Each structure stands twice: as structure tokens, then as C-alpha cells.
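Dropping input_17.cif in here (mmCIF, N, CA and C atoms and all ligand atoms):
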```cif
data_my_file
loop_
_atom_site.label_atom_id
_atom_site.label_comp_id
_atom_site.auth_asym_id
_atom_site.auth_seq_id
_atom_site.Cartn_x
_atom_site.Cartn_y
_atom_site.Cartn_z
N MET A 1 106.73 -121.72 0.71
CA MET A 1 105.66 -120.77 0.37
C MET A 1 104.44 -121.55 -0.14
N ALA A 2 103.26 -121.09 0.27
CA ALA A 2 102.03 -121.78 -0.13
C ALA A 2 101.95 -121.85 -1.65
N GLY A 3 101.51 -123.00 -2.14
CA GLY A 3 101.39 -123.20 -3.58
C GLY A 3 102.61 -123.86 -4.18
N GLU A 4 103.76 -123.68 -3.53
CA GLU A 4 105.01 -124.28 -4.03
C GLU A 4 105.18 -125.68 -3.43
N PRO A 5 105.86 -126.59 -4.15
CA PRO A 5 106.12 -127.92 -3.58
C PRO A 5 106.93 -127.82 -2.29
N GLN A 6 106.56 -128.62 -1.31
CA GLN A 6 107.25 -128.63 -0.02
C GLN A 6 108.10 -129.91 0.07
N ASN A 7 109.37 -129.75 0.42
CA ASN A 7 110.28 -130.90 0.48
C ASN A 7 109.84 -131.95 1.48
N ASP A 8 109.19 -131.50 2.55
CA ASP A 8 108.83 -132.42 3.63
C ASP A 8 107.38 -132.86 3.57
N CYS A 9 106.73 -132.68 2.41
CA CYS A 9 105.30 -133.00 2.32
C CYS A 9 105.09 -134.31 1.56
N LEU A 10 104.46 -135.26 2.24
CA LEU A 10 104.20 -136.58 1.65
C LEU A 10 103.38 -136.47 0.36
N PHE A 11 102.35 -135.64 0.36
CA PHE A 11 101.48 -135.59 -0.82
C PHE A 11 102.12 -134.80 -1.96
N CYS A 12 102.99 -133.84 -1.67
CA CYS A 12 103.78 -133.23 -2.75
C CYS A 12 104.65 -134.29 -3.42
N LYS A 13 105.21 -135.20 -2.59
CA LYS A 13 106.07 -136.26 -3.15
C LYS A 13 105.25 -137.23 -4.00
N ILE A 14 104.05 -137.56 -3.55
CA ILE A 14 103.18 -138.42 -4.36
C ILE A 14 102.80 -137.70 -5.66
N ALA A 15 102.45 -136.41 -5.56
CA ALA A 15 102.06 -135.65 -6.75
C ALA A 15 103.20 -135.60 -7.77
N ALA A 16 104.43 -135.56 -7.26
CA ALA A 16 105.60 -135.48 -8.15
C ALA A 16 106.05 -136.86 -8.63
N GLY A 17 105.43 -137.92 -8.11
CA GLY A 17 105.82 -139.27 -8.50
C GLY A 17 107.06 -139.77 -7.78
N HIS A 18 107.46 -139.09 -6.71
CA HIS A 18 108.66 -139.48 -5.97
C HIS A 18 108.38 -140.55 -4.92
N ILE A 19 107.11 -140.69 -4.56
CA ILE A 19 106.69 -141.77 -3.66
C ILE A 19 105.57 -142.50 -4.40
N PRO A 20 105.63 -143.84 -4.45
CA PRO A 20 104.62 -144.56 -5.21
C PRO A 20 103.24 -144.52 -4.55
N ALA A 21 102.22 -144.52 -5.36
CA ALA A 21 100.84 -144.61 -4.89
C ALA A 21 100.04 -145.29 -6.00
N THR A 22 98.91 -145.84 -5.61
CA THR A 22 98.03 -146.46 -6.60
C THR A 22 97.16 -145.35 -7.19
N ILE A 23 97.60 -144.86 -8.33
CA ILE A 23 96.93 -143.71 -8.96
C ILE A 23 95.65 -144.19 -9.65
N VAL A 24 94.57 -143.48 -9.41
CA VAL A 24 93.28 -143.80 -10.03
C VAL A 24 93.05 -142.90 -11.24
N ARG A 25 93.32 -141.62 -11.09
CA ARG A 25 93.17 -140.64 -12.17
C ARG A 25 94.19 -139.54 -11.93
N GLU A 26 94.61 -138.92 -13.01
CA GLU A 26 95.50 -137.76 -12.89
C GLU A 26 95.07 -136.75 -13.94
N THR A 27 95.06 -135.48 -13.57
CA THR A 27 94.81 -134.40 -14.52
C THR A 27 96.00 -133.45 -14.44
N GLU A 28 95.94 -132.38 -15.20
CA GLU A 28 97.02 -131.39 -15.17
C GLU A 28 97.20 -130.82 -13.77
N THR A 29 96.12 -130.74 -13.00
CA THR A 29 96.17 -130.04 -11.71
C THR A 29 95.89 -130.91 -10.50
N THR A 30 95.48 -132.16 -10.71
CA THR A 30 95.08 -133.02 -9.58
C THR A 30 95.61 -134.44 -9.74
N VAL A 31 95.70 -135.14 -8.61
CA VAL A 31 95.99 -136.58 -8.62
C VAL A 31 95.00 -137.26 -7.67
N ALA A 32 94.44 -138.38 -8.11
CA ALA A 32 93.57 -139.20 -7.26
C ALA A 32 94.26 -140.55 -7.07
N PHE A 33 94.37 -140.98 -5.81
CA PHE A 33 95.06 -142.24 -5.52
C PHE A 33 94.38 -142.93 -4.34
N ARG A 34 94.58 -144.25 -4.23
CA ARG A 34 93.93 -145.02 -3.17
C ARG A 34 94.61 -144.76 -1.83
N ASP A 35 93.76 -144.60 -0.79
CA ASP A 35 94.28 -144.40 0.56
C ASP A 35 95.00 -145.67 1.01
N ILE A 36 96.14 -145.49 1.66
CA ILE A 36 96.95 -146.64 2.09
C ILE A 36 96.28 -147.40 3.24
N ASN A 37 95.36 -146.76 3.94
CA ASN A 37 94.68 -147.37 5.09
C ASN A 37 93.17 -147.16 4.94
N PRO A 38 92.56 -147.89 3.98
CA PRO A 38 91.18 -147.58 3.60
C PRO A 38 90.18 -147.77 4.74
N GLN A 39 89.26 -146.82 4.83
CA GLN A 39 88.21 -146.84 5.85
C GLN A 39 86.86 -147.25 5.26
N ALA A 40 86.87 -147.64 4.00
CA ALA A 40 85.65 -148.10 3.31
C ALA A 40 86.14 -148.92 2.12
N PRO A 41 85.26 -149.75 1.53
CA PRO A 41 85.69 -150.56 0.37
C PRO A 41 86.31 -149.70 -0.73
N THR A 42 85.75 -148.51 -0.95
CA THR A 42 86.40 -147.55 -1.84
C THR A 42 86.82 -146.35 -1.00
N HIS A 43 88.11 -146.07 -0.99
CA HIS A 43 88.63 -144.91 -0.23
C HIS A 43 89.76 -144.31 -1.07
N ILE A 44 89.43 -143.21 -1.71
CA ILE A 44 90.35 -142.57 -2.65
C ILE A 44 90.56 -141.13 -2.21
N LEU A 45 91.79 -140.66 -2.33
CA LEU A 45 92.12 -139.27 -2.00
C LEU A 45 92.31 -138.50 -3.30
N VAL A 46 91.79 -137.28 -3.33
CA VAL A 46 92.04 -136.38 -4.46
C VAL A 46 92.81 -135.18 -3.93
N ILE A 47 93.97 -134.92 -4.52
CA ILE A 47 94.79 -133.78 -4.08
C ILE A 47 95.02 -132.82 -5.24
N PRO A 48 95.17 -131.54 -4.91
CA PRO A 48 95.69 -130.61 -5.91
C PRO A 48 97.20 -130.81 -6.03
N LYS A 49 97.76 -130.58 -7.20
CA LYS A 49 99.22 -130.70 -7.31
C LYS A 49 99.92 -129.57 -6.58
N VAL A 50 99.25 -128.44 -6.44
CA VAL A 50 99.83 -127.34 -5.67
C VAL A 50 99.67 -127.61 -4.18
N HIS A 51 100.62 -127.10 -3.41
CA HIS A 51 100.60 -127.34 -1.97
C HIS A 51 99.89 -126.22 -1.22
N TYR A 52 98.76 -126.57 -0.59
CA TYR A 52 98.12 -125.71 0.41
C TYR A 52 97.80 -126.60 1.59
N GLU A 53 97.83 -126.01 2.77
CA GLU A 53 97.76 -126.79 4.00
C GLU A 53 96.44 -127.54 4.16
N ASN A 54 95.36 -126.90 3.75
CA ASN A 54 94.05 -127.54 3.95
C ASN A 54 93.05 -126.98 2.94
N ALA A 55 91.83 -127.47 2.99
CA ALA A 55 90.82 -127.08 2.01
C ALA A 55 90.50 -125.59 2.11
N ALA A 56 90.57 -125.04 3.30
CA ALA A 56 90.23 -123.62 3.48
C ALA A 56 91.25 -122.72 2.80
N THR A 57 92.53 -123.00 3.01
CA THR A 57 93.55 -122.15 2.37
C THR A 57 93.58 -122.39 0.86
N LEU A 58 93.33 -123.63 0.45
CA LEU A 58 93.25 -123.91 -0.99
C LEU A 58 92.12 -123.10 -1.62
N ALA A 59 90.94 -123.14 -1.01
CA ALA A 59 89.78 -122.44 -1.58
C ALA A 59 90.01 -120.94 -1.62
N ALA A 60 90.67 -120.41 -0.57
CA ALA A 60 90.88 -118.96 -0.49
C ALA A 60 91.95 -118.49 -1.47
N GLU A 61 93.01 -119.28 -1.60
CA GLU A 61 94.19 -118.80 -2.33
C GLU A 61 94.32 -119.38 -3.74
N ALA A 62 93.67 -120.49 -4.00
CA ALA A 62 93.74 -121.11 -5.33
C ALA A 62 92.37 -121.70 -5.68
N PRO A 63 91.36 -120.84 -5.84
CA PRO A 63 90.00 -121.34 -6.01
C PRO A 63 89.81 -122.23 -7.24
N GLN A 64 90.60 -121.98 -8.30
CA GLN A 64 90.47 -122.84 -9.48
C GLN A 64 90.93 -124.26 -9.15
N ALA A 65 92.03 -124.37 -8.40
CA ALA A 65 92.52 -125.70 -8.01
C ALA A 65 91.51 -126.38 -7.09
N ALA A 66 90.88 -125.61 -6.21
CA ALA A 66 89.85 -126.17 -5.33
C ALA A 66 88.68 -126.71 -6.16
N ALA A 67 88.28 -125.95 -7.16
CA ALA A 67 87.20 -126.41 -8.04
C ALA A 67 87.61 -127.66 -8.81
N ASP A 68 88.86 -127.70 -9.23
CA ASP A 68 89.36 -128.88 -9.95
C ASP A 68 89.29 -130.13 -9.06
N VAL A 69 89.66 -129.97 -7.79
CA VAL A 69 89.60 -131.10 -6.85
C VAL A 69 88.16 -131.57 -6.71
N LEU A 70 87.25 -130.64 -6.54
CA LEU A 70 85.85 -131.01 -6.36
C LEU A 70 85.30 -131.71 -7.61
N ARG A 71 85.64 -131.18 -8.78
CA ARG A 71 85.18 -131.81 -10.01
C ARG A 71 85.74 -133.23 -10.12
N GLU A 72 86.98 -133.40 -9.73
CA GLU A 72 87.60 -134.73 -9.81
C GLU A 72 86.94 -135.72 -8.87
N THR A 73 86.45 -135.27 -7.71
CA THR A 73 85.77 -136.22 -6.82
C THR A 73 84.59 -136.85 -7.55
N ALA A 74 83.86 -136.05 -8.32
CA ALA A 74 82.71 -136.59 -9.07
C ALA A 74 83.18 -137.54 -10.17
N GLU A 75 84.26 -137.18 -10.84
CA GLU A 75 84.79 -138.06 -11.91
C GLU A 75 85.23 -139.40 -11.33
N VAL A 76 85.91 -139.34 -10.19
CA VAL A 76 86.39 -140.58 -9.56
C VAL A 76 85.20 -141.42 -9.11
N ALA A 77 84.22 -140.80 -8.46
CA ALA A 77 83.05 -141.54 -8.00
C ALA A 77 82.34 -142.21 -9.17
N ALA A 78 82.22 -141.49 -10.28
CA ALA A 78 81.57 -142.07 -11.46
C ALA A 78 82.41 -143.24 -11.99
N GLY A 79 83.71 -143.05 -12.02
CA GLY A 79 84.60 -144.11 -12.51
C GLY A 79 84.55 -145.36 -11.66
N GLU A 80 84.32 -145.16 -10.35
CA GLU A 80 84.22 -146.30 -9.41
C GLU A 80 82.80 -146.84 -9.34
N LYS A 81 81.88 -146.23 -10.09
CA LYS A 81 80.47 -146.61 -10.12
C LYS A 81 79.83 -146.51 -8.73
N LEU A 82 80.18 -145.47 -8.00
CA LEU A 82 79.57 -145.23 -6.69
C LEU A 82 78.31 -144.40 -6.89
N ASP A 83 77.18 -144.90 -6.40
CA ASP A 83 75.98 -144.06 -6.49
C ASP A 83 75.81 -143.24 -5.22
N SER A 84 76.29 -143.78 -4.08
CA SER A 84 76.31 -143.02 -2.83
C SER A 84 77.73 -142.98 -2.32
N TYR A 85 78.15 -141.85 -1.86
CA TYR A 85 79.51 -141.74 -1.33
C TYR A 85 79.61 -140.49 -0.49
N ARG A 86 80.68 -140.42 0.27
CA ARG A 86 80.91 -139.26 1.13
C ARG A 86 82.22 -138.60 0.74
N ILE A 87 82.21 -137.27 0.68
CA ILE A 87 83.43 -136.49 0.45
C ILE A 87 83.76 -135.80 1.76
N VAL A 88 85.00 -135.98 2.23
CA VAL A 88 85.41 -135.40 3.51
C VAL A 88 86.69 -134.60 3.32
N PHE A 89 86.70 -133.40 3.86
CA PHE A 89 87.94 -132.62 3.94
C PHE A 89 88.23 -132.41 5.43
N ASN A 90 89.02 -133.26 6.03
CA ASN A 90 89.41 -133.03 7.42
C ASN A 90 90.26 -131.76 7.46
N THR A 91 89.89 -130.83 8.30
CA THR A 91 90.55 -129.53 8.32
C THR A 91 90.97 -129.21 9.74
N GLY A 92 92.27 -129.38 10.03
CA GLY A 92 92.81 -129.17 11.37
C GLY A 92 92.95 -130.50 12.11
N SER A 93 93.96 -130.56 12.99
CA SER A 93 94.26 -131.82 13.67
C SER A 93 93.10 -132.28 14.54
N GLY A 94 92.33 -131.34 15.11
CA GLY A 94 91.19 -131.72 15.94
C GLY A 94 90.11 -132.43 15.16
N ALA A 95 90.10 -132.24 13.86
CA ALA A 95 89.12 -132.91 13.00
C ALA A 95 89.70 -134.16 12.36
N GLY A 96 90.93 -134.51 12.74
CA GLY A 96 91.52 -135.75 12.21
C GLY A 96 92.49 -135.55 11.07
N GLN A 97 92.80 -134.29 10.72
CA GLN A 97 93.76 -134.09 9.62
C GLN A 97 95.16 -134.47 10.10
N THR A 98 95.81 -135.33 9.33
CA THR A 98 97.17 -135.78 9.67
C THR A 98 98.18 -135.41 8.60
N VAL A 99 97.72 -135.19 7.38
CA VAL A 99 98.62 -134.78 6.29
C VAL A 99 98.18 -133.37 5.88
N PHE A 100 99.12 -132.42 6.00
CA PHE A 100 98.75 -131.01 5.85
C PHE A 100 99.03 -130.50 4.43
N HIS A 101 98.49 -131.26 3.49
CA HIS A 101 98.39 -130.89 2.07
C HIS A 101 96.93 -131.19 1.74
N ALA A 102 96.20 -130.18 1.31
CA ALA A 102 94.75 -130.32 1.12
C ALA A 102 94.40 -131.58 0.35
N HIS A 103 93.38 -132.28 0.81
CA HIS A 103 92.95 -133.49 0.11
C HIS A 103 91.49 -133.77 0.42
N ALA A 104 90.79 -134.29 -0.56
CA ALA A 104 89.43 -134.78 -0.39
C ALA A 104 89.47 -136.28 -0.24
N HIS A 105 88.79 -136.79 0.79
CA HIS A 105 88.57 -138.23 0.89
C HIS A 105 87.27 -138.54 0.16
N ILE A 106 87.28 -139.57 -0.67
CA ILE A 106 86.05 -140.13 -1.23
C ILE A 106 85.87 -141.50 -0.61
N LEU A 107 84.76 -141.67 0.11
CA LEU A 107 84.49 -142.92 0.81
C LEU A 107 83.20 -143.50 0.27
N GLY A 108 83.22 -144.76 -0.10
CA GLY A 108 82.01 -145.38 -0.62
C GLY A 108 82.10 -146.88 -0.57
N GLY A 109 80.99 -147.50 -0.95
CA GLY A 109 80.96 -148.96 -1.01
C GLY A 109 80.43 -149.62 0.24
N ARG A 110 79.98 -148.81 1.19
CA ARG A 110 79.34 -149.35 2.40
C ARG A 110 78.34 -148.32 2.91
N GLY A 111 77.42 -148.75 3.77
CA GLY A 111 76.51 -147.82 4.41
C GLY A 111 77.25 -146.94 5.39
N MET A 112 76.75 -145.74 5.62
CA MET A 112 77.40 -144.79 6.53
C MET A 112 76.38 -144.14 7.43
N GLN A 113 76.84 -143.78 8.62
CA GLN A 113 75.98 -143.13 9.59
C GLN A 113 76.12 -141.63 9.50
N TRP A 114 75.07 -140.93 9.87
CA TRP A 114 75.13 -139.47 9.99
C TRP A 114 74.40 -139.07 11.26
N PRO A 115 74.97 -138.20 12.13
CA PRO A 115 76.27 -137.54 11.97
C PRO A 115 77.43 -138.50 12.23
N PRO A 116 78.60 -138.20 11.66
CA PRO A 116 79.79 -139.04 11.88
C PRO A 116 80.29 -138.84 13.30
N GLY A 117 81.09 -139.76 13.78
CA GLY A 117 81.65 -139.67 15.14
C GLY A 117 82.82 -138.73 15.20
P1 LIG B 1 93.84 -136.98 6.90
O1 LIG B 1 93.87 -137.76 8.20
O2 LIG B 1 94.95 -135.97 6.88
O3 LIG B 1 92.50 -136.40 6.57
O4 LIG B 1 94.09 -138.04 5.75
C1 LIG B 1 95.34 -138.50 5.40
C2 LIG B 1 95.14 -139.83 4.72
O5 LIG B 1 96.33 -140.14 4.04
C3 LIG B 1 94.86 -140.96 5.70
O6 LIG B 1 93.59 -141.55 5.39
C4 LIG B 1 96.01 -141.93 5.47
O7 LIG B 1 95.63 -143.28 5.53
C5 LIG B 1 96.52 -141.54 4.10
N1 LIG B 1 97.93 -141.78 3.89
C6 LIG B 1 98.93 -141.49 4.76
N2 LIG B 1 100.12 -141.82 4.23
C7 LIG B 1 99.85 -142.33 2.99
C8 LIG B 1 100.70 -142.85 1.95
O8 LIG B 1 101.93 -142.90 2.04
N3 LIG B 1 100.07 -143.28 0.84
C9 LIG B 1 98.71 -143.24 0.69
N4 LIG B 1 98.21 -143.71 -0.46
N5 LIG B 1 97.90 -142.75 1.64
C10 LIG B 1 98.45 -142.30 2.78
ZN ZN B 2 102.28 -130.73 -0.24
#
```
Kindly present the structure from the file in C-alpha cells form.
Amino acid sequence: MAGEPQNDCLFCKIAAGHIPATIVRETETTVAFRDINPQAPTHILVIPKVHYENAATLAAEAPQAAADVLRETAEVAAGEKLDSYRIVFNTGSGAGQTVFHAHAHILGGRGMQWPPG
């Protein structure tokens, strides 16, 4: 059920501490950790501890958790001393989503093009 921990979800396991990750920050409702395959010098993921498939279902069904994730992206960026950075929520496999537990990518530390490919 949405919002409940999923046995087969990688990010639920990271949130529960059952799979190791390089944790950057943790709050009551969120965890921020370094991406295992970084696409920029700084590449950090922020997840809600509750399980929702993507940013859209998170925002619709748990708006406070969605706000917590967004606030944490700013805290992480400040902690990493990023003055420019990109926040990405890949939503759906066609957009590159591979882990179906909502997460924000924070990418920084290099120049970036717009629009993205
Ligand atoms: P998505 O493609 O779903 O937007 O992003 C999933 C991200 O999770 C990818 O950037 C991928 O590198 C990262 N990732 C996948 N497995 C692991 C893992 O076990 N640990 C960490 N830290 N990141 C992971
Ligand atoms: Zn999950």
C-alpha cells in the first residue's frame, strides 16, 4: 500500500538502514544520500521515508512529505556549498526513472546545459 514500506524497494531499504548508503543528512521524514553512480561532482538523492512511486503521487497523497523533500534539497545544497545546482524528479520510465520510490536528484559542481537531453 502506498506510504507503507515495500519489501522489494531499494530506497525503502536504504531509508530503514537495511542497505548501506553514504548518508549526507537525515530528518524525521527524509534521508539524503550520495548517488552510487554520480552524474556530477555532487550528486545527492533526497527521499521521503514513506514509500510513494514518484513525485506526483507523493505530492498528491503526502504533500507534507513532498514539502519536506523539497526543503531538504535546499538544506543539502547549502551544506554542500552549491550556489548553482539542478533538482530533478525523473517521473516515469520514459523520463529515466529506474527506482520507483520518489526521489529528488541534486546535481551540482559542474556547468549544465539547458534544455537537458
Ligand atoms: P532514477 O533513474 O530512478 O531517477 O534515479 C535512481 C538513482 O538511484 C540513479 O541515479 C542510481 O545511480 C541511484 N542508485 C541506484 N541504486 C543505488 C544504490 O544502491 N545506492 C545508491 N546510493 N544509489 C543508487
Ligand atoms: Zn520505497
Could you build a table of the residues in stretch 36-109 of chain A lying no more than 8 Å from stretch 14-27 of chain A, giving for each the nearest pair of atoms and their separation in Å rounded to one decimal place, using only N, CA and C atoms, ordered by chain and ascending residue number, as JSON lines?
```
{"residue": "A:Ile36", "atom": "N", "partner": "A:Thr22", "partner_atom": "N", "distance": 7.8}
{"residue": "A:Ile47", "atom": "C", "partner": "A:Ala15", "partner_atom": "CA", "distance": 7.7}
{"residue": "A:Pro48", "atom": "C", "partner": "A:Ala15", "partner_atom": "CA", "distance": 6.9}
{"residue": "A:Lys49", "atom": "CA", "partner": "A:Ala15", "partner_atom": "CA", "distance": 5.7}
{"residue": "A:Val50", "atom": "N", "partner": "A:Ala15", "partner_atom": "CA", "distance": 7.7}
{"residue": "A:Val76", "atom": "CA", "partner": "A:Arg25", "partner_atom": "N", "distance": 7.2}
```
Would you mind exporting the chosen residues as a short mmCIF file (atom, residue, chain, number, x, y, z; two decimals), in the frame of the given file, restricted to N, CA and C atoms?
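Saved file part-v8.cif follows:
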```
data_model
loop_
_atom_site.label_atom_id
_atom_site.label_comp_id
_atom_site.auth_asym_id
_atom_site.auth_seq_id
_atom_site.Cartn_x
_atom_site.Cartn_y
_atom_site.Cartn_z
N ILE A 36 96.14 -145.49 1.66
CA ILE A 36 96.95 -146.64 2.09
C ILE A 36 96.28 -147.40 3.24
N ILE A 47 93.97 -134.92 -4.52
CA ILE A 47 94.79 -133.78 -4.08
C ILE A 47 95.02 -132.82 -5.24
N PRO A 48 95.17 -131.54 -4.91
CA PRO A 48 95.69 -130.61 -5.91
C PRO A 48 97.20 -130.81 -6.03
N LYS A 49 97.76 -130.58 -7.20
CA LYS A 49 99.22 -130.70 -7.31
C LYS A 49 99.92 -129.57 -6.58
N VAL A 50 99.25 -128.44 -6.44
CA VAL A 50 99.83 -127.34 -5.67
C VAL A 50 99.67 -127.61 -4.18
N VAL A 76 85.91 -139.34 -10.19
CA VAL A 76 86.39 -140.58 -9.56
C VAL A 76 85.20 -141.42 -9.11
#
```
Can you check which parts of chain A lie within 7 Å of ligand ZN 2 (chain B)? Per residue, the shortest pair of atoms and distance in Å to one decimal, counting only C-alpha atoms and all ligand atoms, sorted by chain and number, as JSON lines.
```
{"residue": "A:Pro5", "atom": "CA", "partner": "B:ZN2", "partner_atom": "ZN", "distance": 5.8}
{"residue": "A:Gln6", "atom": "CA", "partner": "B:ZN2", "partner_atom": "ZN", "distance": 5.4}
{"residue": "A:Cys9", "atom": "CA", "partner": "B:ZN2", "partner_atom": "ZN", "distance": 4.6}
{"residue": "A:Leu10", "atom": "CA", "partner": "B:ZN2", "partner_atom": "ZN", "distance": 6.4}
{"residue": "A:Phe11", "atom": "CA", "partner": "B:ZN2", "partner_atom": "ZN", "distance": 5.0}
{"residue": "A:Cys12", "atom": "CA", "partner": "B:ZN2", "partner_atom": "ZN", "distance": 3.8}
{"residue": "A:Val50", "atom": "CA", "partner": "B:ZN2", "partner_atom": "ZN", "distance": 6.9}
{"residue": "A:His51", "atom": "CA", "partner": "B:ZN2", "partner_atom": "ZN", "distance": 4.2}
{"residue": "A:Tyr52", "atom": "CA", "partner": "B:ZN2", "partner_atom": "ZN", "distance": 6.6}
{"residue": "A:His101", "atom": "CA", "partner": "B:ZN2", "partner_atom": "ZN", "distance": 4.5}
```
Point to revise | Within 7 Å of ligand LIG 1 (chain B) (all atoms listed in the file), residues as an MDAnalysis selection string | key: chainID A and resid 10 20:22 33:39 88:91 95:101 103 105
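Considering the residues A:Glu4, A:Leu45, A:Gly109, A:Ala59 and counting all atoms listed in the file, A:Leu82 has its shortest atom-to-atom contact with A:Gly109.
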Practice item. Quick one: pick out all helix (DSSP H, G or I) residues within stretch 61-99 of chain A from a backbone DSSP run and write them as a ChimeraX atom specification. Key: /A:61,63-79,93-95
Can you report as lines of an AutoDock Vina configuration file the centre and edge lengths in Å, to one decimal, of an axis-aligned box around the listed atoms of stretch 95-100 of chain A padded with 3 Å on each side?
```
center_x = 94.1
center_y = -133.1
center_z = 9.1
size_x = 16.0
size_y = 11.3
size_z = 15.4
```
Exercise for review: Could you please determine the separation between atom CA of A:Leu58 and atom CA of A:Asn7 in Å, to one decimal place?
Suggested key: 18.5 Å
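Here atom CA of A:Arg110 and atom CA of A:Gly94 stand 25.2 Å from one another.
Going from atom CA of A:His43 to atom CA of A:Thr73 covers 11.3 Å.
Residues of chain A that DSSP places in strand (DSSP E), based on the backbone of this structure, are A:Ile23, A:Val24, A:Arg25, A:Glu26, A:Thr30, A:Val31, A:Ala32, A:Phe33, A:Arg34, A:Thr42, A:His43, A:Ile44, A:Leu45, A:Val46, A:Ile47, A:Pro48, A:Tyr85, A:Arg86, A:Ile87, A:Val88, A:Ala104, A:His105, A:Ile106, A:Leu107, A:Gly108.
Distances to A:Ala65 were evaluated for A:Ala104, A:Met1, A:Thr30, A:Pro116 using only C-alpha atoms, and the minimum falls at A:Thr30.
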